[in-house]
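Visitor: I'd like to ask you about the structure that follows.
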Amino acid sequence: MLTFVLVHGAWHDGSAWETVIKHLQAQGHQAFAPTIAGHGKSVDKNVNHAQCTQSIVDSIVGKDLTDIVLLGHSFAGTIIAKVAEAIPDRIRRLIFLDAFVLNDGESLRDSLPPHYQALFDSLARESDDRTMVMPFELWREALLNDADLELARSSYARLSPEPYQPWIDKLDLKQFYSLPIPKSYLYCTEDNVLPQGEQWGWHPRMSNRLGLFRLVQMPGSHEVMFSNPVGLAEKIIVAGRD
Amino acid sequence: MLTFVLVHGAWHDGSAWETVIKHLQAQGHQAFAPTIAGHGKSVDKNVNHAQCTQSIVDSIVGKDLTDIVLLGHSFAGTIIAKVAEAIPDRIRRLIFLDAFVLNDGESLRDSLPPHYQALFDSLARESDDRTMVMPFELWREALLNDADLELARSSYARLSPEPYQPWIDKLDLKQFYSLPIPKSYLYCTEDNVLPQGEQWGWHPRMSNRLGLFRLVQMPGSHEVMFSNPVGLAEKIIVAGRD
Amino acid sequence: MLTFVLVHGAWHDGSAWETVIKHLQAQGHQAFAPTIAGHGKSVDKNVNHAQCTQSIVDSIVGKDLTDIVLLGHSFAGTIIAKVAEAIPDRIRRLIFLDAFVLNDGESLRDSLPPHYQALFDSLARESDDRTMVMPFELWREALLNDADLELARSSYARLSPEPYQPWIDKLDLKQFYSLPIPKSYLYCTEDNVLPQGEQWGWHPRMSNRLGLFRLVQMPGSHEVMFSNPVGLAEKIIVAGRD
């Protein structure tokens with residue numbers, strides 16, 4: 001029996017994992033899905049990266065969870081790296097699910113291709129509160145490319161504006177890169193939100209930064225927790241087991 | 001219900017889509033497969049790229065098809081880009097199936113690795129009418145690598161010599177790159193006719209030129225309309241839907 | 001009916017193919033799995049690359065096998081290239097299974113990323129007999145990433161120390177690169193023992209050196225003969241048929 005803590009990506013909140021958690025539990029595991037500070041609907045969006053990290057640390061420590069498999073999706077790759085620095089002794093393994101693995105000193109924005117930097121800069125500027133609203137066309141074509149239009153719409157309705165500051169904060173990751181915690185990278189082979197290929201893609205560009213890691217792959221888009229939650233749960237188990 | 005127009009690649013004619021069309025129809029869709037000018041058996045092979053494009057435009061306008069999903073395979077990636085410039089209002093979405101996406105000003109030949117340029121130059125020179133006969137060994141090993149020898153042979157018997165001029169004509173694609181028509185790239189992961197990898201491969205080298213596009217992938221070779229027509233039809237629907 | 005000769009990789013011996021062979025036989029084929037000189041338990045590990053090659057040549061000639069499909073896994077890519085030079089007339093096709101395809105004049109070590117060169121140098125130095133013991137963590141995370149811990153352990157118990165000299169010997173491969181024998185590359189898409197990507201990966205980096213070759217892919221790790229022997233046998237038939 002494993003204890004999973006699943007950390008959602010940008011625009012999401014913890015409810016994104018609902019179906020995945022049900023399946024993990026049906027397989028005999030425990031799973032929790034805290035919401036990152038500044039994420040979800042009707043909350044204060046004025047947060048920085050350290051506050052995002054602290055909210056996940058607080059959730060894990062508050063429940064006194066130990067020996068956990070800590071998974072981060074997308075943006076949350078940057079969160080679990082910092083959570084691992086804060087509470088390494090509680091973590092059995094890290095799983096990066098189509099997730100950012102930043103170089104020491106980088107911000108998430110630093111690792112994006114120029115056209116995305118321009119897009120997100122402009123989305124944040126246009127808002128009242130330095131948040132970004134996900135453009136539906138981008139969601140449908142690049143993030144949910146394996147879903148039908150109905151699922152693209154219903155999942156889009158669950159999103160909320162993403163605070164920009166955590167994307168800009170530069171992260172000191174020296175400690176992370178010295179931690180001996182085992183790591184897995186779970187890559188969905190149709191994930192095209194970062195342009196696939198050596199220059200900008202998730203894998204192998206970011207995954208290889210982990211040093212020795214366990215590679216697990218499955219068909220699917222960036223939002224496979226919506227398009228194939230049962231298949232994802234199976235692969236999370238493969239990525240998370242000893 | 002969608003209306004598909006499927007445009008075949010080099011050496012082929014419209015009959016290549018027979019089984020795919022049957023399955024699309026069984027799923028409630030309409031599908032047409034015109035033959036490009038200068039293609040097929042016992043026809044005049046003296047055509048240029050503009051004439052190839054015009055023949056597909058004529059077929060679509062002649063049948064007064066509107067709101068179409070226009071798919072191009074391989075060579076026909078260059079055709080559907082120019083058809084889209086000619087009749088953008090009739091097109092709902094473009095699908096590139098292991099297809100060339102040329103840069104503005106390039107010819108198809110310009111985008112080939114040197115060993116293919118040399119091979120095709122020499123095939124055209126050896127012919128009486130500037131056409132290229134597909135070498136069987138290339139067909140069997142690099143284009144139908146997922147088929148058995150019998151299917152490689154029976155499908156080879158359906159080919160006809162490919163006119164060279166449309167491969168040499170430089171294409172003005174400025175208008176194409178400004179069209180707001182949605183685009184999908186359908187990539188078969190065992191397609192090895194262009195050497196896989198960043199330098200010469202179909203995906204992500206050519207697909208990324210499309211800007212925002214929907215990526216759909218399936219197992220299969222370059223000639224998946226022969227080796228797995230039913231699976232291909234299913235993925236064409238995923239690539240073509242809204 | 002095909003005659004397969006399956007050549008194991010480093011740390012292994014011929015018994016690695018047991019289940020694969022059973023399935024090939026069940027499909028009506030013949031299959032042999034000789035052990036390379038200096039490999040297996042309780043044997044003299046003092047061998048060079050030429051002796052490794054000669055032991056496989058002797059096994060094929062000793063059984064008077066002809067018209068064979070000769071497969072090499074991993075390290076054995078370097079062996080089958082030299083066996084093909086020695087007895088080309090006995091070989092119908094070569095299959096490289098996640099295997100090294102060296103450039104003329106290179107050693108296996110030359111084609112490894114620096115961190116592996118350092119690791120294997122140090123493993124060999126630490127031993128009494130210039131052999132390398134596979135580190136279990138590397139085996140479990142990078143070579144058997146698609147297996148559970150139990151299979152990772154039971155298969156690890158079958159390994160024996162790998163002699164280092166065959167990894168250092170520079171190979172003259174001029175004749176190999178001029179042989180007209182058909183070639184297939186069978187690539188397992190989760191093989192992460194060489195870091196995936198253009199710079200260090202198996203495919204397309206090494207596969208493309210073969211010139212015209214048949215690409216066959218399947219899901220799986222570097223050690224798919226343990227994690228999915230039946231699926232591997234099916235793909236070996238696809239890679240090996242005419």
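We name chains A, B, ... following the order of the structure tokens; residues begin at 1 in each chain, and ligands are numbered from 1 as shown.
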Got a sec to pull out which chain B residues are within 7 Å of chain C, counting only C-alpha atoms, and send them as a list of chain:residue names?

Guide: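 On the chain B side, the interface is B:Glu141, B:Ala142, B:Asn145, B:Leu149, B:Glu190, B:Asn192, B:Pro195, B:Gln196, B:Gly197.
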
Visitor: Residues at most 12 Å from His12 in chain B, counting only C-alpha atoms, excluding those fewer than 4 positions away in the same chain, as JSON, numbers by chain?

Guide: {"B": [7, 8, 16, 17, 33, 34, 35, 36, 37, 38, 39, 40, 41, 73, 74, 75, 76, 133, 134, 155, 156, 157, 158, 159, 160, 161, 162, 163, 223, 225, 226]}

Visitor: For the residues selected in the previous step, produce a file with C-alpha atoms as a JSON list (two decimals), in the first residue's frame.

Guide:
[["chain", "number", "residue", "atom", "x", "y", "z"],
["B", 7, "VAL", "CA", -5.58, 13.56, -50.77],
["B", 8, "HIS", "CA", -3.14, 10.74, -51.52],
["B", 16, "ALA", "CA", -5.46, 4.18, -51.85],
["B", 17, "TRP", "CA", -8.20, 5.36, -49.46],
["B", 33, "ALA", "CA", -10.65, 10.79, -52.49],
["B", 34, "PRO", "CA", -9.88, 12.66, -55.71],
["B", 35, "THR", "CA", -6.80, 11.69, -57.73],
["B", 36, "ILE", "CA", -4.19, 14.43, -58.19],
["B", 37, "ALA", "CA", -3.44, 15.41, -61.83],
["B", 38, "GLY", "CA", -0.51, 13.41, -63.22],
["B", 39, "HIS", "CA", -1.10, 10.59, -60.75],
["B", 40, "GLY", "CA", -2.51, 7.12, -61.28],
["B", 41, "LYS", "CA", -1.87, 4.65, -64.07],
["B", 73, "HIS", "CA", -0.75, 12.43, -46.93],
["B", 74, "SER", "CA", 3.01, 12.87, -47.39],
["B", 75, "PHE", "CA", 3.56, 14.78, -50.71],
["B", 76, "ALA", "CA", -0.05, 16.01, -50.47],
["B", 133, "VAL", "CA", 9.66, 4.60, -60.11],
["B", 134, "MET", "CA", 9.55, 3.59, -56.43],
["B", 155, "SER", "CA", 0.23, -2.54, -52.49],
["B", 156, "TYR", "CA", 3.37, -1.99, -54.58],
["B", 157, "ALA", "CA", 1.49, -3.26, -57.62],
["B", 158, "ARG", "CA", -0.96, -0.37, -57.21],
["B", 159, "LEU", "CA", 1.72, 2.33, -57.52],
["B", 160, "SER", "CA", 2.52, 4.34, -60.63],
["B", 161, "PRO", "CA", 5.53, 6.50, -61.53],
["B", 162, "GLU", "CA", 5.63, 9.85, -59.76],
["B", 163, "PRO", "CA", 6.14, 13.05, -61.80],
["B", 223, "GLU", "CA", 1.60, 3.50, -45.57],
["B", 225, "MET", "CA", -3.78, 3.26, -45.14],
["B", 226, "PHE", "CA", -2.74, -0.19, -46.36]]

Visitor: Which is closer to Tyr164 in chain C than all the others in C:Asp121, C:Asp67, C:Asp146, C:Asp128, using only C-alpha atoms?

Guide: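 Of all the options, C:Asp121 lies closest to Tyr164 in chain C.
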
Visitor: I want to know what sits within 7 Å of Leu97 in chain C, based on only C-alpha atoms, with residues of the same chain fewer than 3 positions away left out; could you give that as an NGL selection string?

Guide: :C and (71-74 or 185-187)

Visitor: What does the distance from CA of Gln54 in chain B to CA of Ile80 in chain B come to in Å, to one decimal?

Guide: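 That distance, rounded to one decimal, is 10.6 Å.
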
Visitor: When you draw a straight line from CA of Gly201 in chain B to CA of Ser111 in chain A, how long is it in Å?

Guide: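 CA of Ser111 in chain A lies 24.2 Å from CA of Gly201 in chain B.
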
Visitor: Please extract the residues of range 154-200 of chain C with a backbone DSSP assignment of alpha helix (DSSP H) and present them as a list in words.

Guide: Ser154, Ser155, Tyr156, Gln165, Pro166, Trp167 and Ile168 of chain C

Visitor: What does the structure give for the distance between CA of Leu143 in chain A and CA of Phe120 in chain A, in Å to one decimal?

Guide: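 It comes out at 15.4 Å.
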